[in-house]
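K.L.:
Have a look at the structure that comes next, please.
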Amino acid sequence: MTAINIVARPDQGAIYVLTDAAIYTKADGVSAFGLKAYPVANWPGLVTGVGNANASLILAFALAQTFGGEDVAFDTMIATSDMSMPEYLAGTKFPGGGEIIICGISKARNRPEIYSFRLDDTIPPGVTPAEIKEAIKQGFYAEKPGQLLKLPDNVMTPVPPLQLSLAANYEGIKPTDTEDQVIWSMRKHLTMQRHMPLADDVSGIGGFATLTKITADGITQRIVDRWPEDQIGGLIRPARIDWQKWHADNPRP
């Protein structure tokens with residue numbers, strides 16, 4: 001499982017992306033810890049995603065090469081995506097489904113933006129065709145692979161169950177929050193994702209947490225959390241969390 005937390009702040013001209021590092025297969029468990037958010041400096045922006053560990057890296061390279069020769073490369077990519085994205089997918093044939101998320105700073109609209117597109121027609125686990133049809137009708141799900149779908153300014157997946165949110169006393173992210181408060185809340189949400197109940201054959205979220213900040217001036221990345229108890233091989237199953245201790249060790253800014 002992959003944790004992705006994205007907050008676009010138009011008032012700050014910034015996008016914050018927080019991801020975990022565990023890469024795994026159902027057959028072997030965790031096979032590596034590594035980057036899951038791939039910067040594209042010339043947009044500036046990044047590519048990340050869920051469901052296929054290789055797709056984000058390959059598409060980040062391909063899109064950076066194709067849309068990188070002009071001052072408004074990100075806007076050009078978004079404007080021509082109906083032609084370019086299906087073309088990329090036709091030549092790749094990524095296995096196992098998945099969804100790609102693209103972030104960047106739009107010069108044309110003078111704001112940070114988040115988009116997603118799916119790799120194929122695989123229906124997500126636990127979802128029926130009727131639910132997919134309704135989601136398309138409501139504008140929450142793209143009608144075809146490669147079709148860009150504009151996302152809201154806060155994107156967090158997977159969503160922890162309500163019981164876990166209540167136990168953590170999760171306050172959400174407010175429009176008035178400072179940068180430090182936004183990052184603190186994102187770290188807390190990723191910690192909640194890490195402690196979600198999982199199926200027996202699904203590995204947990206972990207390794208380390210990488211924070212990416214994107215502005216019109218460029219991109220920075222740094223590790224903001226590490227979990228040394230997580231090891232390669234097998235599944236990640238973190239110990240029960242003491243939220244009182246977590247808050248004491250991580251006071252809100």
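Going by the structure tokens order, chains are called A, B, ..., each with residues numbered from 1, while ligands are numbered from 1 in the order shown.
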Report as a list of chain:residue names: the residues of stretch 75-156 of chain A with a DSSP assignment of helix (DSSP H, G or I), based on the backbone of this structure.
P.N.:
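DSSP-assigned helix (DSSP H, G or I) residues in stretch 75-156 of chain A: A:Asp75, A:Thr76, A:Met77, A:Ile78, A:Ala79, A:Ser81, A:Asp82, A:Met83, A:Ser84, A:Met85, A:Pro86, A:Glu87, A:Tyr88, A:Leu89, A:Ala90, A:Gly91, A:Thr92, A:Pro129, A:Ala130, A:Glu131, A:Ile132, A:Lys133, A:Glu134, A:Ala135, A:Ile136, A:Lys137, A:Gln138.
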K.L.:
Please build the interface table for stretch 28-79 of chain A against stretch 109-120 of chain A with a cut-off of 10 Å, listing for each qualifying residue the nearest atom pair and the distance in Å to one decimal; count only C-alpha atoms, order rows by chain and increasing number, and write it as a Markdown table.
P.N.:
```
| residue | atom | partner | partner_atom | distance |
| --- | --- | --- | --- | --- |
| A:Pro44 | CA | A:Pro112 | CA | 9.9 |
| A:Gly45 | CA | A:Pro112 | CA | 9.1 |
| A:Leu46 | CA | A:Ile114 | CA | 9.8 |
| A:Val47 | CA | A:Ser116 | CA | 9.6 |
| A:Thr48 | CA | A:Ser116 | CA | 9.4 |
| A:Gly49 | CA | A:Ser116 | CA | 8.5 |
| A:Val50 | CA | A:Arg118 | CA | 9.6 |
| A:Gly51 | CA | A:Leu119 | CA | 9.4 |
| A:Asn52 | CA | A:Leu119 | CA | 9.3 |
| A:Ala55 | CA | A:Leu119 | CA | 8.6 |
| A:Phe74 | CA | A:Glu113 | CA | 10.0 |
| A:Asp75 | CA | A:Arg109 | CA | 8.8 |
| A:Ile78 | CA | A:Tyr115 | CA | 8.8 |
```
K.L.:
Convert the current residue selection to file output with N, CA and C atoms, as a PDB file, in the first residue's frame.
P.N.:
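Result file is again_26.pdb:
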```
ATOM      1  N   PRO A  44       7.480  23.746 -12.716  1.00  0.00           N
ATOM      2  CA  PRO A  44       7.944  22.704 -11.801  1.00  0.00           C
ATOM      3  C   PRO A  44       6.763  21.894 -11.257  1.00  0.00           C
ATOM      4  N   GLY A  45       7.041  20.602 -10.962  1.00  0.00           N
ATOM      5  CA  GLY A  45       5.991  19.736 -10.452  1.00  0.00           C
ATOM      6  C   GLY A  45       6.527  18.362 -10.163  1.00  0.00           C
ATOM      7  N   LEU A  46       5.623  17.384 -10.062  1.00  0.00           N
ATOM      8  CA  LEU A  46       6.059  16.016  -9.828  1.00  0.00           C
ATOM      9  C   LEU A  46       5.014  15.044 -10.335  1.00  0.00           C
ATOM     10  N   VAL A  47       5.429  13.767 -10.390  1.00  0.00           N
ATOM     11  CA  VAL A  47       4.546  12.664 -10.749  1.00  0.00           C
ATOM     12  C   VAL A  47       4.616  11.628  -9.644  1.00  0.00           C
ATOM     13  N   THR A  48       3.471  11.169  -9.178  1.00  0.00           N
ATOM     14  CA  THR A  48       3.398  10.095  -8.204  1.00  0.00           C
ATOM     15  C   THR A  48       2.214   9.217  -8.581  1.00  0.00           C
ATOM     16  N   GLY A  49       1.893   8.234  -7.758  1.00  0.00           N
ATOM     17  CA  GLY A  49       0.762   7.386  -8.107  1.00  0.00           C
ATOM     18  C   GLY A  49       0.644   6.186  -7.201  1.00  0.00           C
ATOM     19  N   VAL A  50      -0.431   5.424  -7.427  1.00  0.00           N
ATOM     20  CA  VAL A  50      -0.702   4.221  -6.648  1.00  0.00           C
ATOM     21  C   VAL A  50      -0.974   3.065  -7.604  1.00  0.00           C
ATOM     22  N   GLY A  51      -0.662   1.850  -7.130  1.00  0.00           N
ATOM     23  CA  GLY A  51      -1.036   0.661  -7.870  1.00  0.00           C
ATOM     24  C   GLY A  51       0.037   0.069  -8.749  1.00  0.00           C
ATOM     25  N   ASN A  52       1.081   0.827  -9.070  1.00  0.00           N
ATOM     26  CA  ASN A  52       2.163   0.295  -9.894  1.00  0.00           C
ATOM     27  C   ASN A  52       3.425   1.078  -9.577  1.00  0.00           C
ATOM     28  N   ALA A  55       5.247   2.750 -12.795  1.00  0.00           N
ATOM     29  CA  ALA A  55       4.554   3.645 -13.720  1.00  0.00           C
ATOM     30  C   ALA A  55       4.891   5.111 -13.472  1.00  0.00           C
ATOM     31  N   PHE A  74       4.143  22.857 -18.224  1.00  0.00           N
ATOM     32  CA  PHE A  74       3.076  22.208 -17.463  1.00  0.00           C
ATOM     33  C   PHE A  74       1.716  22.528 -18.066  1.00  0.00           C
ATOM     34  N   ASP A  75       1.480  23.787 -18.390  1.00  0.00           N
ATOM     35  CA  ASP A  75       0.198  24.178 -18.976  1.00  0.00           C
ATOM     36  C   ASP A  75      -0.010  23.544 -20.341  1.00  0.00           C
ATOM     37  N   ILE A  78      -1.121  19.914 -19.772  1.00  0.00           N
ATOM     38  CA  ILE A  78      -2.514  19.829 -19.348  1.00  0.00           C
ATOM     39  C   ILE A  78      -3.450  20.104 -20.531  1.00  0.00           C
TER      40      ILE A  78
END
```
K.L.:
Choose the residue, out of A:Lys213, A:Lys137, A:Arg252, A:Arg240, that has the smallest atom-to-atom separation from A:Ala37; count only C-alpha atoms.
P.N.:
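For A:Ala37, the nearest of the given residues is A:Lys213.
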K.L.:
Would you please work out which residue, of A:Ile4, A:Val202, A:Ala248, A:Leu18, is nearest to A:Ile236 when using only C-alpha atoms?
P.N.:
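Once distances to A:Ile236 are computed over only C-alpha atoms, the minimum belongs to A:Val202.
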K.L.:
Find the spatial neighbours of A:Met186, counting only C-alpha atoms, within a cut-off of 12 Å - ignore same-chain residues fewer than 5 positions away - and output them as a VMD selection string.
P.N.:
chain A and resid 3 to 8 16 to 20 154 to 157 170 to 174 177 179 to 181 191 to 193 209 to 212 224 to 225 252
